[in-house]
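Coordinates as given in target_22.csv (CSV, C-alpha atoms):
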```
chain,number,residue,atom,x,y,z
A,1,MET,CA,14.7,46.2,-18.3
A,2,THR,CA,12.7,44.1,-20.7
A,3,ASP,CA,15.8,42.6,-22.3
A,4,ARG,CA,17.2,41.6,-18.9
A,5,THR,CA,13.9,40.0,-17.8
A,6,GLY,CA,13.7,38.1,-21.1
A,7,ALA,CA,17.3,37.0,-20.8
A,8,ARG,CA,16.7,35.7,-17.3
A,9,ALA,CA,13.5,33.9,-18.5
A,10,SER,CA,15.4,32.3,-21.4
A,11,HIS,CA,18.2,31.0,-19.1
A,12,ARG,CA,15.8,29.6,-16.5
A,13,PRO,CA,14.6,26.5,-18.5
A,14,GLN,CA,18.2,25.6,-19.3
A,15,ARG,CA,19.0,25.4,-15.6
A,16,HIS,CA,16.1,23.0,-15.0
A,17,LEU,CA,16.8,20.9,-18.1
A,18,PRO,CA,19.0,18.3,-16.3
A,19,LEU,CA,16.3,17.9,-13.6
A,20,GLN,CA,13.6,17.6,-16.3
A,21,LEU,CA,15.6,14.9,-18.1
A,22,LEU,CA,16.1,13.0,-14.9
A,23,LEU,CA,12.4,13.1,-14.1
A,24,GLY,CA,11.5,12.1,-17.6
A,25,PHE,CA,13.9,9.1,-17.4
A,26,LEU,CA,12.3,8.1,-14.0
A,27,VAL,CA,8.8,8.3,-15.5
A,28,VAL,CA,9.8,6.1,-18.4
A,29,TYR,CA,11.6,3.7,-16.0
A,30,PHE,CA,8.6,3.2,-13.8
A,31,LEU,CA,5.9,3.2,-16.5
A,32,VAL,CA,7.6,0.7,-18.9
A,33,PRO,CA,6.9,-2.4,-16.6
A,34,PHE,CA,3.3,-1.2,-16.1
A,35,TRP,CA,2.9,-0.8,-19.9
A,36,TRP,CA,4.4,-4.3,-20.4
A,37,ILE,CA,1.9,-5.9,-18.2
A,38,ILE,CA,-1.0,-4.0,-19.8
A,39,VAL,CA,0.2,-5.2,-23.3
A,40,ASN,CA,0.9,-8.8,-22.5
A,41,SER,CA,-2.2,-9.3,-20.4
A,42,SER,CA,-4.1,-9.0,-23.7
A,43,LYS,CA,-2.3,-11.9,-25.3
A,44,ASP,CA,-2.9,-15.6,-25.3
A,45,ALA,CA,-0.2,-18.2,-24.9
A,46,PRO,CA,0.8,-18.2,-28.6
A,47,GLY,CA,1.0,-14.4,-28.5
A,48,LEU,CA,3.2,-14.5,-25.5
A,49,PHE,CA,5.8,-17.0,-26.8
A,50,SER,CA,5.7,-16.2,-30.5
A,51,GLY,CA,8.8,-14.0,-30.3
A,52,GLY,CA,7.0,-10.8,-31.3
A,53,ASN,CA,7.4,-7.3,-29.8
A,54,THR,CA,6.8,-7.6,-26.0
A,55,LEU,CA,6.0,-3.9,-25.7
A,56,TRP,CA,3.2,-3.9,-28.3
A,57,PHE,CA,0.0,-5.7,-28.8
A,58,ALA,CA,-0.4,-8.8,-30.8
A,59,ASP,CA,-2.7,-9.2,-33.8
A,60,GLN,CA,-5.4,-10.6,-31.5
A,61,ILE,CA,-6.4,-8.7,-28.4
A,62,ASP,CA,-8.7,-10.6,-26.1
A,63,TYR,CA,-9.0,-9.0,-22.7
A,64,LEU,CA,-12.5,-10.3,-22.2
A,65,GLY,CA,-11.6,-13.8,-23.0
A,66,ASN,CA,-8.6,-13.8,-20.7
A,67,LEU,CA,-10.6,-12.2,-17.9
A,68,ARG,CA,-13.3,-14.9,-18.3
A,69,GLN,CA,-10.7,-17.6,-18.2
A,70,LEU,CA,-9.0,-15.9,-15.2
A,71,PHE,CA,-12.1,-15.8,-13.1
A,72,THR,CA,-13.3,-19.3,-14.0
A,73,TYR,CA,-10.1,-21.3,-13.9
A,74,ASP,CA,-9.9,-23.8,-11.0
A,75,GLY,CA,-13.5,-23.1,-9.9
A,76,GLY,CA,-13.0,-19.3,-9.8
A,77,ILE,CA,-10.3,-19.4,-7.1
A,78,TYR,CA,-8.8,-16.1,-8.3
A,79,GLY,CA,-11.9,-14.2,-7.3
A,80,ARG,CA,-11.7,-15.8,-3.8
A,81,TRP,CA,-8.1,-14.7,-3.6
A,82,ILE,CA,-9.1,-11.1,-4.5
A,83,LEU,CA,-11.7,-11.2,-1.7
A,84,ASN,CA,-9.2,-12.5,0.7
A,85,SER,CA,-6.7,-9.8,-0.1
A,86,THR,CA,-9.5,-7.2,0.3
A,87,LEU,CA,-10.4,-8.6,3.7
A,88,TYR,CA,-6.8,-8.6,4.9
A,89,ALA,CA,-6.1,-5.1,3.5
A,90,LEU,CA,-9.2,-3.6,5.0
A,91,ALA,CA,-9.0,-5.3,8.4
A,92,GLY,CA,-5.2,-4.9,8.7
A,93,GLY,CA,-5.1,-1.4,7.3
A,94,VAL,CA,-8.0,0.0,9.4
A,95,GLY,CA,-6.9,-1.8,12.5
A,96,ALA,CA,-3.3,-0.7,12.1
A,97,THR,CA,-4.3,2.9,11.5
A,98,ILE,CA,-6.6,3.0,14.6
A,99,LEU,CA,-3.8,1.7,16.8
A,100,ALA,CA,-1.2,3.9,15.2
A,101,VAL,CA,-3.3,7.0,15.6
A,102,MET,CA,-4.1,6.4,19.3
A,103,ALA,CA,-0.5,5.4,20.1
A,104,GLY,CA,1.1,8.2,18.2
A,105,TYR,CA,-1.3,10.8,19.8
A,106,GLY,CA,-0.7,9.3,23.2
A,107,PHE,CA,3.1,9.5,22.9
A,108,ALA,CA,2.9,13.1,21.6
A,109,LYS,CA,0.4,14.7,24.0
A,110,TYR,CA,0.6,12.8,27.2
A,111,ARG,CA,3.3,12.4,29.9
A,112,PHE,CA,3.4,9.0,31.6
A,113,ALA,CA,5.9,6.7,33.2
A,114,ALA,CA,8.3,4.9,30.9
A,115,ARG,CA,7.1,7.1,28.0
A,116,ARG,CA,10.6,7.6,26.5
A,117,PHE,CA,11.5,4.0,26.9
A,118,SER,CA,8.3,2.8,25.3
A,119,PHE,CA,8.8,5.1,22.3
A,120,ALA,CA,12.4,4.0,22.0
A,121,VAL,CA,11.1,0.4,21.8
A,122,VAL,CA,8.8,1.5,18.9
A,123,LEU,CA,11.8,3.2,17.2
A,124,GLY,CA,13.8,0.0,17.6
A,125,ALA,CA,11.0,-2.0,16.1
A,126,LEU,CA,11.5,0.1,12.9
A,127,MET,CA,15.0,-1.4,12.5
A,128,VAL,CA,13.8,-5.0,12.5
A,129,PRO,CA,12.9,-6.4,9.1
A,130,THR,CA,9.4,-7.7,9.0
A,131,THR,CA,10.5,-10.9,7.4
A,132,ALA,CA,12.7,-11.7,10.4
A,133,LEU,CA,9.6,-11.8,12.6
A,134,VAL,CA,7.7,-14.3,10.5
A,135,ILE,CA,9.2,-17.4,12.0
A,136,PRO,CA,8.8,-16.3,15.6
A,137,THR,CA,5.2,-15.2,14.8
A,138,PHE,CA,4.5,-18.5,13.2
A,139,ILE,CA,5.7,-20.4,16.3
A,140,MET,CA,3.6,-18.2,18.6
A,141,PHE,CA,0.5,-18.6,16.5
A,142,SER,CA,1.1,-22.3,16.1
A,143,GLU,CA,1.0,-22.7,19.9
A,144,LEU,CA,-2.2,-20.7,20.0
A,145,GLY,CA,-3.8,-22.8,17.3
A,146,LEU,CA,-4.3,-19.8,15.0
A,147,THR,CA,-2.3,-20.9,12.0
A,148,ASN,CA,-4.1,-21.5,8.7
A,149,THR,CA,-6.8,-19.0,9.7
A,150,VAL,CA,-7.5,-15.4,8.6
A,151,TRP,CA,-6.4,-14.2,12.1
A,152,ALA,CA,-2.9,-15.4,11.4
A,153,VAL,CA,-2.6,-12.8,8.7
A,154,ILE,CA,-4.8,-10.0,10.2
A,155,LEU,CA,-3.4,-9.8,13.7
A,156,PRO,CA,0.3,-9.4,12.8
A,157,SER,CA,-0.7,-6.7,10.3
A,158,LEU,CA,-2.2,-4.6,13.1
A,159,LEU,CA,1.3,-3.7,14.4
A,160,ASN,CA,2.8,-0.8,12.4
A,161,PRO,CA,5.7,0.9,14.2
A,162,PHE,CA,6.3,3.3,11.3
A,163,GLY,CA,2.7,4.4,11.5
A,164,VAL,CA,3.0,5.1,15.2
A,165,TYR,CA,6.2,7.1,14.6
A,166,LEU,CA,4.5,9.1,11.8
A,167,MET,CA,1.5,9.9,13.9
A,168,HIS,CA,3.6,10.9,16.8
A,169,VAL,CA,5.6,13.4,14.7
A,170,TYR,CA,2.5,14.8,13.0
A,171,ALA,CA,0.4,15.1,16.2
A,172,ARG,CA,3.2,16.8,18.0
A,173,ASP,CA,3.4,19.6,15.4
A,174,ALA,CA,-0.1,19.7,13.9
A,175,VAL,CA,-2.2,19.7,17.2
A,176,PRO,CA,-1.3,22.7,19.4
A,177,ASP,CA,-1.4,22.1,23.1
A,178,GLU,CA,-3.2,25.4,23.5
A,179,ILE,CA,-6.3,24.1,21.6
A,180,LEU,CA,-6.4,20.9,23.7
A,181,ASP,CA,-6.1,22.9,27.0
A,182,ALA,CA,-8.9,25.3,25.8
A,183,ALA,CA,-11.1,22.3,25.1
A,184,ARG,CA,-10.4,20.8,28.5
A,185,VAL,CA,-11.2,24.2,30.2
A,186,ASP,CA,-14.5,24.2,28.4
A,187,GLY,CA,-15.4,20.9,29.9
A,188,ALA,CA,-14.6,18.5,27.0
A,189,GLY,CA,-13.4,15.1,28.0
A,190,GLU,CA,-10.3,13.5,26.6
A,191,VAL,CA,-12.2,11.3,24.2
A,192,ARG,CA,-14.3,14.2,22.9
A,193,THR,CA,-11.2,16.3,22.6
A,194,PHE,CA,-9.4,13.7,20.6
A,195,LEU,CA,-12.3,12.8,18.3
A,196,GLN,CA,-13.6,16.4,17.6
A,197,ILE,CA,-10.4,18.5,17.7
A,198,ALA,CA,-7.2,16.4,17.4
A,199,LEU,CA,-8.4,13.8,14.9
A,200,PRO,CA,-9.6,16.3,12.2
A,201,LEU,CA,-6.2,18.1,12.4
A,202,MET,CA,-4.4,14.8,11.9
A,203,ARG,CA,-6.4,13.8,8.9
A,204,PRO,CA,-3.6,13.9,6.3
A,205,ALA,CA,-1.4,11.7,8.4
A,206,VAL,CA,-4.3,9.4,9.2
A,207,VAL,CA,-5.0,8.9,5.5
A,208,THR,CA,-1.3,8.4,4.8
A,209,VAL,CA,-1.0,5.7,7.5
A,210,LEU,CA,-4.2,4.0,6.3
A,211,LEU,CA,-3.0,3.9,2.7
A,212,LEU,CA,0.5,2.6,3.6
A,213,SER,CA,-1.0,0.0,5.9
A,214,ALA,CA,-3.5,-1.2,3.4
A,215,VAL,CA,-1.0,-1.4,0.6
A,216,ALA,CA,1.4,-3.3,2.9
A,217,SER,CA,-1.3,-5.8,3.8
A,218,TRP,CA,-2.4,-6.2,0.2
A,219,ASN,CA,1.2,-6.8,-1.0
A,220,ASN,CA,2.1,-9.1,2.0
A,221,TYR,CA,3.6,-12.3,0.7
A,222,PHE,CA,5.9,-14.0,3.1
A,223,LEU,CA,3.7,-13.9,6.2
A,224,PRO,CA,0.6,-15.5,4.6
A,225,LEU,CA,2.9,-18.0,2.7
A,226,ALA,CA,4.2,-19.2,6.1
A,227,MET,CA,0.9,-19.0,8.0
A,228,LEU,CA,-1.6,-20.5,5.5
A,229,SER,CA,-1.7,-23.9,3.9
A,230,ASP,CA,-5.3,-23.8,2.6
A,231,ASN,CA,-5.3,-22.2,-0.9
A,232,ARG,CA,-8.8,-20.9,-0.3
A,233,LEU,CA,-7.4,-18.6,2.3
A,234,PHE,CA,-4.5,-17.3,0.2
A,235,PRO,CA,-4.3,-13.6,-0.8
A,236,VAL,CA,-3.8,-12.8,-4.4
A,237,THR,CA,0.0,-12.4,-4.0
A,238,VAL,CA,0.5,-16.0,-2.7
A,239,GLY,CA,-2.1,-17.3,-5.1
A,240,LEU,CA,-0.2,-15.9,-8.1
A,241,GLY,CA,3.0,-17.3,-6.7
A,242,LEU,CA,1.3,-20.7,-6.5
A,243,TRP,CA,0.3,-20.5,-10.2
A,244,GLN,CA,3.8,-19.4,-11.1
A,245,GLY,CA,5.2,-22.5,-9.5
A,246,VAL,CA,2.7,-24.7,-11.4
A,247,ALA,CA,3.4,-22.9,-14.7
A,248,SER,CA,7.2,-23.3,-14.2
A,249,GLY,CA,6.8,-27.0,-13.6
A,250,ASN,CA,4.6,-27.2,-16.7
A,251,ASN,CA,1.9,-29.0,-14.7
A,252,ALA,CA,-1.1,-27.0,-15.7
A,253,GLY,CA,-2.3,-29.4,-18.4
A,254,THR,CA,-3.6,-27.8,-21.5
A,255,THR,CA,-4.1,-24.4,-19.9
A,256,SER,CA,-1.3,-21.9,-20.2
A,257,LEU,CA,-1.1,-20.2,-16.8
A,258,TRP,CA,1.4,-17.5,-17.8
A,259,SER,CA,-1.3,-15.4,-19.5
A,260,LEU,CA,-3.5,-15.8,-16.5
A,261,ILE,CA,-0.6,-14.8,-14.2
A,262,ILE,CA,0.1,-11.6,-16.1
A,263,LEU,CA,-3.5,-10.6,-16.3
A,264,GLY,CA,-4.0,-11.5,-12.6
A,265,ALA,CA,-1.1,-9.3,-11.6
A,266,LEU,CA,-2.7,-6.4,-13.6
A,267,VAL,CA,-6.1,-6.9,-12.0
A,268,SER,CA,-4.5,-7.1,-8.5
A,269,VAL,CA,-2.9,-3.6,-9.0
A,270,ILE,CA,-6.2,-1.9,-10.0
A,271,PRO,CA,-7.7,-1.7,-6.4
A,272,LEU,CA,-4.5,0.0,-5.2
A,273,ILE,CA,-4.7,2.6,-7.9
A,274,ILE,CA,-8.3,3.2,-7.1
A,275,ALA,CA,-7.5,3.6,-3.4
A,276,PHE,CA,-4.7,6.0,-4.1
A,277,PHE,CA,-6.7,8.3,-6.3
A,278,SER,CA,-9.7,8.1,-4.0
A,279,LEU,CA,-7.8,9.2,-0.9
A,280,GLN,CA,-5.7,11.8,-2.7
A,281,ARG,CA,-8.2,14.5,-2.2
A,282,TYR,CA,-8.0,14.1,1.6
A,283,TRP,CA,-4.3,14.9,1.4
A,284,ARG,CA,-5.1,18.1,-0.6
A,285,GLY,CA,-7.8,19.0,1.9
A,286,GLY,CA,-5.6,18.5,4.9
A,287,LEU,CA,-2.8,20.5,3.3
A,288,SER,CA,-5.2,23.4,2.6
A,289,VAL,CA,-6.4,23.4,6.1
A,290,GLY,CA,-2.8,23.4,7.4
A,291,GLY,CA,-2.0,26.3,5.1
A,292,LEU,CA,-5.0,28.3,6.3
A,293,ARG,CA,-4.2,27.6,9.9
```
Show this structure as structure tokens.
Amino acid sequence: MTDRTGARASHRPQRHLPLQLLLGFLVVYFLVPFWWIIVNSSKDAPGLFSGGNTLWFADQIDYLGNLRQLFTYDGGIYGRWILNSTLYALAGGVGATILAVMAGYGFAKYRFAARRFSFAVVLGALMVPTTALVIPTFIMFSELGLTNTVWAVILPSLLNPFGVYLMHVYARDAVPDEILDAARVDGAGEVRTFLQIALPLMRPAVVTVLLLSAVASWNNYFLPLAMLSDNRLFPVTVGLGLWQGVASGNNAGTTSLWSLIILGALVSVIPLIIAFFSLQRYWRGGLSVGGLR
């Protein structure tokens, strides 16, 4: 009996070996670019173009000097771009999440006229690339006089068809109709039932939609590029693209923008990493509640 158990245990790792190798390859594949940007953000212009090892540090490591130059170049415009991206991500992410939660819950738990048609329109919107909507959105906002304002970036970000679909699917399965009927029998209104009963049960999906919406708003490039002409309103994605165009044209004077661009890209990723690890515990908590229920 012991020999058979030991033989089965010895064969088990061999069956999982191809999967482990594949996962190891994917980890390396996704971590190498991040490691590259960490290494090269510590280099100055001579270190970047000296022909050394691009995956290892140069003799001189100067993160603080590069950071000081990053946040002081051109009057500290990079710090303003970070604040702009934070505003767009918070306003767009929170607003899109609120609308997605209410719409998804409404589609899942209420019966009303043209419900199926309206939800079919939402599903159809999932098939339309967001870049295809930028030009019509620009024309509409231009007629309203809202181009080159923060609203030109925030308002389109509030529409998240995938978030509506995700909340609909989750609310349909995670919020039992019996609990809602019991709350109504006890005299709770629809708003109270939603806020105190349904919303806590939907917490994992709410956090997921919030994170996805905030990340999409933070990484948005084409929409603010088309909507904004004032560089003081640019998010960090468009700002770094502007610097890249200047650096490619070699019009930055005595300042090498490539080191600033690489370090700026690294700094712009840090808030997303913090947001992910900060919200991760809510996923675990929601899954634990679902398991106990």
Go through stretch 166-206 of chain A residue by residue and, counting only C-alpha atoms, keep those with an atom at most 12 Å from stretch 85-107 of chain A; for each kept residue give the shortest atom pair and its distance in Å to one decimal, ordered by chain and increasing number, as JSON lines.
```
{"residue": "A:Leu166", "atom": "CA", "partner": "A:Gly104", "partner_atom": "CA", "distance": 7.3}
{"residue": "A:Met167", "atom": "CA", "partner": "A:Gly104", "partner_atom": "CA", "distance": 4.6}
{"residue": "A:His168", "atom": "CA", "partner": "A:Gly104", "partner_atom": "CA", "distance": 3.9}
{"residue": "A:Val169", "atom": "CA", "partner": "A:Gly104", "partner_atom": "CA", "distance": 7.7}
{"residue": "A:Tyr170", "atom": "CA", "partner": "A:Gly104", "partner_atom": "CA", "distance": 8.5}
{"residue": "A:Ala171", "atom": "CA", "partner": "A:Tyr105", "partner_atom": "CA", "distance": 5.9}
{"residue": "A:Arg172", "atom": "CA", "partner": "A:Tyr105", "partner_atom": "CA", "distance": 7.7}
{"residue": "A:Asp173", "atom": "CA", "partner": "A:Tyr105", "partner_atom": "CA", "distance": 10.9}
{"residue": "A:Ala174", "atom": "CA", "partner": "A:Tyr105", "partner_atom": "CA", "distance": 10.7}
{"residue": "A:Val175", "atom": "CA", "partner": "A:Tyr105", "partner_atom": "CA", "distance": 9.3}
{"residue": "A:Pro176", "atom": "CA", "partner": "A:Tyr105", "partner_atom": "CA", "distance": 11.9}
{"residue": "A:Asp177", "atom": "CA", "partner": "A:Tyr105", "partner_atom": "CA", "distance": 11.8}
{"residue": "A:Leu180", "atom": "CA", "partner": "A:Tyr105", "partner_atom": "CA", "distance": 12.0}
{"residue": "A:Glu190", "atom": "CA", "partner": "A:Gly106", "partner_atom": "CA", "distance": 11.0}
{"residue": "A:Val191", "atom": "CA", "partner": "A:Met102", "partner_atom": "CA", "distance": 10.7}
{"residue": "A:Thr193", "atom": "CA", "partner": "A:Tyr105", "partner_atom": "CA", "distance": 11.7}
{"residue": "A:Phe194", "atom": "CA", "partner": "A:Tyr105", "partner_atom": "CA", "distance": 8.6}
{"residue": "A:Leu195", "atom": "CA", "partner": "A:Met102", "partner_atom": "CA", "distance": 10.4}
{"residue": "A:Ala198", "atom": "CA", "partner": "A:Tyr105", "partner_atom": "CA", "distance": 8.5}
{"residue": "A:Leu199", "atom": "CA", "partner": "A:Val101", "partner_atom": "CA", "distance": 8.5}
{"residue": "A:Pro200", "atom": "CA", "partner": "A:Val101", "partner_atom": "CA", "distance": 11.7}
{"residue": "A:Leu201", "atom": "CA", "partner": "A:Tyr105", "partner_atom": "CA", "distance": 11.5}
{"residue": "A:Met202", "atom": "CA", "partner": "A:Val101", "partner_atom": "CA", "distance": 8.7}
{"residue": "A:Arg203", "atom": "CA", "partner": "A:Val101", "partner_atom": "CA", "distance": 10.0}
{"residue": "A:Pro204", "atom": "CA", "partner": "A:Val101", "partner_atom": "CA", "distance": 11.6}
{"residue": "A:Ala205", "atom": "CA", "partner": "A:Val101", "partner_atom": "CA", "distance": 8.8}
{"residue": "A:Val206", "atom": "CA", "partner": "A:Thr97", "partner_atom": "CA", "distance": 6.9}
```
Could you save the residues just selected, with C-alpha atoms, as a PDB file, in the coordinates of the input?
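Contents of out27.pdb, as written:
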```
ATOM      1  CA  LEU A 166       4.500   9.100  11.800  1.00  0.00           C
ATOM      2  CA  MET A 167       1.500   9.900  13.900  1.00  0.00           C
ATOM      3  CA  HIS A 168       3.600  10.900  16.800  1.00  0.00           C
ATOM      4  CA  VAL A 169       5.600  13.400  14.700  1.00  0.00           C
ATOM      5  CA  TYR A 170       2.500  14.800  13.000  1.00  0.00           C
ATOM      6  CA  ALA A 171       0.400  15.100  16.200  1.00  0.00           C
ATOM      7  CA  ARG A 172       3.200  16.800  18.000  1.00  0.00           C
ATOM      8  CA  ASP A 173       3.400  19.600  15.400  1.00  0.00           C
ATOM      9  CA  ALA A 174      -0.100  19.700  13.900  1.00  0.00           C
ATOM     10  CA  VAL A 175      -2.200  19.700  17.200  1.00  0.00           C
ATOM     11  CA  PRO A 176      -1.300  22.700  19.400  1.00  0.00           C
ATOM     12  CA  ASP A 177      -1.400  22.100  23.100  1.00  0.00           C
ATOM     13  CA  LEU A 180      -6.400  20.900  23.700  1.00  0.00           C
ATOM     14  CA  GLU A 190     -10.300  13.500  26.600  1.00  0.00           C
ATOM     15  CA  VAL A 191     -12.200  11.300  24.200  1.00  0.00           C
ATOM     16  CA  THR A 193     -11.200  16.300  22.600  1.00  0.00           C
ATOM     17  CA  PHE A 194      -9.400  13.700  20.600  1.00  0.00           C
ATOM     18  CA  LEU A 195     -12.300  12.800  18.300  1.00  0.00           C
ATOM     19  CA  ALA A 198      -7.200  16.400  17.400  1.00  0.00           C
ATOM     20  CA  LEU A 199      -8.400  13.800  14.900  1.00  0.00           C
ATOM     21  CA  PRO A 200      -9.600  16.300  12.200  1.00  0.00           C
ATOM     22  CA  LEU A 201      -6.200  18.100  12.400  1.00  0.00           C
ATOM     23  CA  MET A 202      -4.400  14.800  11.900  1.00  0.00           C
ATOM     24  CA  ARG A 203      -6.400  13.800   8.900  1.00  0.00           C
ATOM     25  CA  PRO A 204      -3.600  13.900   6.300  1.00  0.00           C
ATOM     26  CA  ALA A 205      -1.400  11.700   8.400  1.00  0.00           C
ATOM     27  CA  VAL A 206      -4.300   9.400   9.200  1.00  0.00           C
TER      28      VAL A 206
END
```
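Going from atom CA of A:Thr131 to atom CA of A:Val215 covers 16.4 Å.
Across the structure, atom CA of A:Ile262 and atom CA of A:Tyr73 are spaced 14.2 Å apart.
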Which polymer residues, whether protein, DNA or RNA, lie within 12 Å of the coordinate (-9.6, -11.6, 3.7) when you count all atoms listed in the file? List them as a PDB file with C-alpha atoms, in the frame of the given file, using the chain letters and numbers from the file.
```pdb
ATOM      1  CA  GLY A  79     -11.900 -14.200  -7.300  1.00  0.00           C
ATOM      2  CA  ARG A  80     -11.700 -15.800  -3.800  1.00  0.00           C
ATOM      3  CA  TRP A  81      -8.100 -14.700  -3.600  1.00  0.00           C
ATOM      4  CA  ILE A  82      -9.100 -11.100  -4.500  1.00  0.00           C
ATOM      5  CA  LEU A  83     -11.700 -11.200  -1.700  1.00  0.00           C
ATOM      6  CA  ASN A  84      -9.200 -12.500   0.700  1.00  0.00           C
ATOM      7  CA  SER A  85      -6.700  -9.800  -0.100  1.00  0.00           C
ATOM      8  CA  THR A  86      -9.500  -7.200   0.300  1.00  0.00           C
ATOM      9  CA  LEU A  87     -10.400  -8.600   3.700  1.00  0.00           C
ATOM     10  CA  TYR A  88      -6.800  -8.600   4.900  1.00  0.00           C
ATOM     11  CA  ALA A  89      -6.100  -5.100   3.500  1.00  0.00           C
ATOM     12  CA  LEU A  90      -9.200  -3.600   5.000  1.00  0.00           C
ATOM     13  CA  ALA A  91      -9.000  -5.300   8.400  1.00  0.00           C
ATOM     14  CA  GLY A  92      -5.200  -4.900   8.700  1.00  0.00           C
ATOM     15  CA  GLY A  93      -5.100  -1.400   7.300  1.00  0.00           C
ATOM     16  CA  THR A 149      -6.800 -19.000   9.700  1.00  0.00           C
ATOM     17  CA  VAL A 150      -7.500 -15.400   8.600  1.00  0.00           C
ATOM     18  CA  TRP A 151      -6.400 -14.200  12.100  1.00  0.00           C
ATOM     19  CA  ALA A 152      -2.900 -15.400  11.400  1.00  0.00           C
ATOM     20  CA  VAL A 153      -2.600 -12.800   8.700  1.00  0.00           C
ATOM     21  CA  ILE A 154      -4.800 -10.000  10.200  1.00  0.00           C
ATOM     22  CA  LEU A 155      -3.400  -9.800  13.700  1.00  0.00           C
ATOM     23  CA  SER A 217      -1.300  -5.800   3.800  1.00  0.00           C
ATOM     24  CA  TRP A 218      -2.400  -6.200   0.200  1.00  0.00           C
ATOM     25  CA  PRO A 224       0.600 -15.500   4.600  1.00  0.00           C
ATOM     26  CA  ARG A 232      -8.800 -20.900  -0.300  1.00  0.00           C
ATOM     27  CA  LEU A 233      -7.400 -18.600   2.300  1.00  0.00           C
ATOM     28  CA  PHE A 234      -4.500 -17.300   0.200  1.00  0.00           C
ATOM     29  CA  PRO A 235      -4.300 -13.600  -0.800  1.00  0.00           C
ATOM     30  CA  VAL A 236      -3.800 -12.800  -4.400  1.00  0.00           C
TER      31      VAL A 236
END
```
Kindly add all heavy atoms to the incomplete stretch 77-81 of chain A and provide the output as a PDB file, in the coordinates of the input.
```
ATOM      1  N   ILE A  77     -11.078 -19.665  -8.321  1.00  0.00           N
ATOM      2  CA  ILE A  77     -10.300 -19.400  -7.100  1.00  0.00           C
ATOM      3  C   ILE A  77      -9.662 -18.053  -7.084  1.00  0.00           C
ATOM      4  O   ILE A  77      -9.427 -17.497  -6.001  1.00  0.00           O
ATOM      5  CB  ILE A  77      -9.187 -20.543  -7.002  1.00  0.00           C
ATOM      6  CG1 ILE A  77      -8.515 -20.511  -5.630  1.00  0.00           C
ATOM      7  CG2 ILE A  77      -8.160 -20.376  -8.120  1.00  0.00           C
ATOM      8  CD1 ILE A  77      -9.419 -20.873  -4.502  1.00  0.00           C
ATOM      9  N   TYR A  78      -9.417 -17.453  -8.263  1.00  0.00           N
ATOM     10  CA  TYR A  78      -8.800 -16.100  -8.300  1.00  0.00           C
ATOM     11  C   TYR A  78      -9.707 -15.085  -7.650  1.00  0.00           C
ATOM     12  O   TYR A  78      -9.232 -14.210  -6.915  1.00  0.00           O
ATOM     13  CB  TYR A  78      -8.458 -15.724  -9.723  1.00  0.00           C
ATOM     14  CG  TYR A  78      -7.800 -14.360  -9.818  1.00  0.00           C
ATOM     15  CD1 TYR A  78      -6.443 -14.209  -9.582  1.00  0.00           C
ATOM     16  CD2 TYR A  78      -8.542 -13.224 -10.122  1.00  0.00           C
ATOM     17  CE1 TYR A  78      -5.838 -12.969  -9.649  1.00  0.00           C
ATOM     18  CE2 TYR A  78      -7.942 -11.975 -10.196  1.00  0.00           C
ATOM     19  CZ  TYR A  78      -6.597 -11.858  -9.959  1.00  0.00           C
ATOM     20  OH  TYR A  78      -5.999 -10.619 -10.021  1.00  0.00           O
ATOM     21  N   GLY A  79     -11.010 -15.164  -7.918  1.00  0.00           N
ATOM     22  CA  GLY A  79     -11.900 -14.200  -7.300  1.00  0.00           C
ATOM     23  C   GLY A  79     -11.922 -14.356  -5.773  1.00  0.00           C
ATOM     24  O   GLY A  79     -12.028 -13.352  -5.055  1.00  0.00           O
ATOM     25  N   ARG A  80     -11.786 -15.575  -5.270  1.00  0.00           N
ATOM     26  CA  ARG A  80     -11.700 -15.800  -3.800  1.00  0.00           C
ATOM     27  C   ARG A  80     -10.388 -15.158  -3.293  1.00  0.00           C
ATOM     28  O   ARG A  80     -10.376 -14.574  -2.204  1.00  0.00           O
ATOM     29  CB  ARG A  80     -11.753 -17.246  -3.493  1.00  0.00           C
ATOM     30  CG  ARG A  80     -11.819 -17.530  -1.995  1.00  0.00           C
ATOM     31  CD  ARG A  80     -11.940 -19.004  -1.718  1.00  0.00           C
ATOM     32  NE  ARG A  80     -12.056 -19.257  -0.287  1.00  0.00           N
ATOM     33  CZ  ARG A  80     -13.201 -19.314   0.378  1.00  0.00           C
ATOM     34  NH1 ARG A  80     -14.351 -19.131  -0.277  1.00  0.00           N
ATOM     35  NH2 ARG A  80     -13.217 -19.550   1.682  1.00  0.00           N
ATOM     36  N   TRP A  81      -9.303 -15.273  -4.050  1.00  0.00           N
ATOM     37  CA  TRP A  81      -8.100 -14.700  -3.600  1.00  0.00           C
ATOM     38  C   TRP A  81      -8.172 -13.148  -3.534  1.00  0.00           C
ATOM     39  O   TRP A  81      -7.644 -12.523  -2.605  1.00  0.00           O
ATOM     40  CB  TRP A  81      -6.925 -15.059  -4.559  1.00  0.00           C
ATOM     41  CG  TRP A  81      -6.551 -16.507  -4.493  1.00  0.00           C
ATOM     42  CD1 TRP A  81      -6.818 -17.380  -3.476  1.00  0.00           C
ATOM     43  CD2 TRP A  81      -5.835 -17.250  -5.475  1.00  0.00           C
ATOM     44  NE1 TRP A  81      -6.321 -18.620  -3.765  1.00  0.00           N
ATOM     45  CE2 TRP A  81      -5.709 -18.576  -4.992  1.00  0.00           C
ATOM     46  CE3 TRP A  81      -5.300 -16.947  -6.719  1.00  0.00           C
ATOM     47  CZ2 TRP A  81      -5.054 -19.574  -5.711  1.00  0.00           C
ATOM     48  CZ3 TRP A  81      -4.638 -17.938  -7.438  1.00  0.00           C
ATOM     49  CH2 TRP A  81      -4.522 -19.243  -6.935  1.00  0.00           C
TER      50      TRP A  81
END
```
